[in-house]
Every structure is written in structure tokens, then in C-alpha cells.
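Chemist: Dropping the structure in here first, questions after.
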Amino acid sequence: MSKQARETRLGENEAMAVGRNIRVSPRKLGVVAGLIRGKRVEAALSELTFSKRRIAQDVRKVLQSAIANAENNHQLDVDRLVVAEASVGKGLVMRRFHARARGRGAPILKPFSHLTIVVREREEEKKAPAKAKTGAKKAAPKKAEAQSGEQA
């Protein structure tokens, strides 16, 4: 007897990629993940390409993997993909020590992180009819007339 199959947490129009044991603290990785959250994939890739942070290249690789998964495994349109989720988890922590005075030692913690990126194909947006802004335009000339009358 085997375990029951776990339900997939992704929808029909979603794809996911996971980067495990990335050598950076979750706090630093969370800052870079926050840069791309909710953006279109093209904008997110360019943001990561030109970022000055070291870890941005690893995040870029995971994002490209998610895009490839969407295209090849789920047959999604790459031009309509958006970064739906970019979540960071805590991995293992390597512990080292630094020798100090009087035979003591100070801990050195080298944390690792996990990164999960979910991309989603966005639906076509319906354009709302443009509303006329007649009230704001009519109010401006009246104020100008009142000011010019006071100055005279």
C-alpha cells in the first residue's frame, strides 16, 4: 500500500520552479524576491539582470527555470506570464567557529535558503470605457477668472 497522491497546488495556468540550498540568508534573498513579485516576466528578468546584488543571478536562474517549465510542461504563452509568487524559506545553517581570546570561540553562522517562484499566465484584460473628466476641467477656468478679477 502506498500513500495517497498529494493534490497539486498549482492551477491550470501556473508553473513553478524551486531553488534549494541557495547560499544566502533568507532575509537577503527576500529583498531580491520582493523586487520581482507581481511583475511581468520580461520586466523581472531585466530587473534581475541589472541588479547589483550577488544573489540576483541565482534568482534569475530559478525564474528562467519557471518560465521554461511553463512553456514546455504546461504549454503556456511566455509573453503573457507574470510572477505570481516568489516565496523564500529557511534552509540549513552551517555552523563554524572563530577562535577568540582566552580559549573561547565565537559562532559563525552560514545560512542557506530555499526559493520558490510561481509564474501565472494572465488573462486578457478588458478595456474599460474612458470616462470624460468634464468637472475638473470646467472648475479650473473659473478659479483663473476669479484670481484675474481680484488682481485687477
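By convention in this document, the chains of the C-alpha cells carry letters A, B, ... by their order, each chain's residues are numbered from 1, and ligands are numbered from 1 in the order they are shown.
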Mind checking which residues fall within 10 Å of region 29-31 of chain A, counting only C-alpha atoms, ignoring those fewer than 6 positions away in the same chain, and posting them as a JSON list (two decimals) with C-alpha atoms, in the first residue's frame?
Modeler:
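Full text of out-v3.json as output:
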[["chain", "number", "residue", "atom", "x", "y", "z"],
["A", 22, "ILE", "CA", 20.96, 28.81, -2.11],
["A", 23, "ARG", "CA", 23.92, 30.13, -0.14],
["A", 53, "ARG", "CA", 23.10, 42.17, -5.60],
["A", 54, "ARG", "CA", 25.12, 38.96, -5.90],
["A", 55, "ILE", "CA", 22.17, 36.65, -5.33],
["A", 56, "ALA", "CA", 20.13, 38.20, -8.17],
["A", 58, "ASP", "CA", 20.65, 32.77, -8.78],
["A", 59, "VAL", "CA", 17.11, 34.17, -8.57],
["A", 86, "ALA", "CA", 8.16, 34.46, -5.05],
["A", 87, "SER", "CA", 8.50, 32.92, -1.60],
["A", 88, "VAL", "CA", 11.61, 32.35, 0.47],
["A", 89, "GLY", "CA", 12.15, 29.62, 3.05],
["A", 112, "PHE", "CA", 21.10, 28.65, 3.31],
["A", 113, "SER", "CA", 17.71, 29.45, 1.76],
["A", 114, "HIS", "CA", 15.06, 27.93, -0.48],
["A", 115, "LEU", "CA", 13.33, 29.94, -3.21]]
Chemist: Write out as a PDB file with N, CA and C atoms, in the first residue's frame the residues lying within 9 Å of Ile108 (chain A), counting only C-alpha atoms and excluding same-chain residues fewer than 2 positions away.
Modeler:
ATOM      1  N   MET A  94      25.027  26.245   8.270  1.00  0.00           N
ATOM      2  CA  MET A  94      26.352  25.709   8.568  1.00  0.00           C
ATOM      3  C   MET A  94      26.897  26.470   9.763  1.00  0.00           C
ATOM      4  N   ARG A  95      27.419  25.743  10.720  1.00  0.00           N
ATOM      5  CA  ARG A  95      27.954  26.398  11.904  1.00  0.00           C
ATOM      6  C   ARG A  95      29.466  26.229  11.934  1.00  0.00           C
ATOM      7  N   ARG A  96      30.150  27.342  12.037  1.00  0.00           N
ATOM      8  CA  ARG A  96      31.595  27.349  12.184  1.00  0.00           C
ATOM      9  C   ARG A  96      31.916  28.133  13.441  1.00  0.00           C
ATOM     10  N   PHE A  97      33.180  28.120  13.835  1.00  0.00           N
ATOM     11  CA  PHE A  97      33.533  28.970  14.967  1.00  0.00           C
ATOM     12  C   PHE A  97      34.796  29.745  14.666  1.00  0.00           C
ATOM     13  N   HIS A  98      34.897  30.857  15.355  1.00  0.00           N
ATOM     14  CA  HIS A  98      36.041  31.748  15.206  1.00  0.00           C
ATOM     15  C   HIS A  98      36.738  31.795  16.557  1.00  0.00           C
ATOM     16  N   ALA A 106      33.748  32.097  19.087  1.00  0.00           N
ATOM     17  CA  ALA A 106      32.545  32.844  18.694  1.00  0.00           C
ATOM     18  C   ALA A 106      31.919  32.130  17.504  1.00  0.00           C
ATOM     19  N   LYS A 110      26.410  30.293   8.794  1.00  0.00           N
ATOM     20  CA  LYS A 110      26.344  30.446   7.341  1.00  0.00           C
ATOM     21  C   LYS A 110      25.020  29.860   6.859  1.00  0.00           C
TER      22      LYS A 110
END
Chemist: Out of A:Met16, A:Val24, A:Met1, A:Ile117, which residue has the shortest atom-to-atom distance to Lys90 (chain A) when counting only C-alpha atoms?
Modeler: A:Val24
Chemist: Can you list every residue in chain A that DSSP puts in helix (DSSP H, G or I), as a PyMOL selection string?
Modeler: chain A and resi 26-36+41-49+56-72+78-80+101-103+134-151
Chemist: What's the separation between CA of Gly11 (chain A) and CA of Arg120 (chain A), in Å to one decimal place?
Modeler: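 The value is 8.6 Å.
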Chemist: Can you tell me which residues surround Arg80 (chain A) at a distance of at most 12 Å, considering only C-alpha atoms, apart from same-chain residues fewer than 6 positions away, and format the answer as a PyMOL selection string?
Modeler: chain A and resi 13-14+39-43+67+70-71+119-125
Chemist: Write to file, as a short mmCIF file (atom, residue, chain, number, x, y, z; two decimals), in the first residue's frame, the residues of the selection just made, with C-alpha atoms.
Modeler:
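Saved as result-v4.cif:
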data_model
loop_
_atom_site.label_atom_id
_atom_site.label_comp_id
_atom_site.auth_asym_id
_atom_site.auth_seq_id
_atom_site.Cartn_x
_atom_site.Cartn_y
_atom_site.Cartn_z
CA ASN A 13 -2.38 28.34 -15.93
CA GLU A 14 0.55 28.17 -13.47
CA LYS A 39 5.83 41.86 -12.29
CA ARG A 40 5.73 40.59 -15.85
CA VAL A 41 8.48 38.08 -16.55
CA GLU A 42 10.29 40.29 -19.07
CA ALA A 43 10.47 43.14 -16.56
CA ILE A 67 9.46 30.12 -17.48
CA ALA A 70 5.56 26.93 -18.12
CA GLU A 71 6.45 26.76 -21.79
CA VAL A 119 4.53 32.10 -12.71
CA ARG A 120 0.96 32.50 -13.93
CA GLU A 121 -0.46 33.24 -17.35
CA ARG A 122 -2.56 36.35 -17.04
CA GLU A 123 -5.95 36.60 -18.66
CA GLU A 124 -6.74 39.21 -21.27
CA GLU A 125 -7.80 42.43 -19.61
#
Chemist: To one decimal in Å, tell me the separation between CA of Gln57 (chain A) and CA of Val78 (chain A).
Modeler: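 Taking CA of Gln57 (chain A) as the start and CA of Val78 (chain A) as the end point, the length is 20.2 Å.
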Chemist: Calculated over only C-alpha atoms, which of the candidates A:Leu81, A:Leu92, A:Ala5, A:Val62 has the smallest distance to Ser25 (chain A)?
Modeler: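 The answer is A:Leu92, which sits nearest to Ser25 (chain A).
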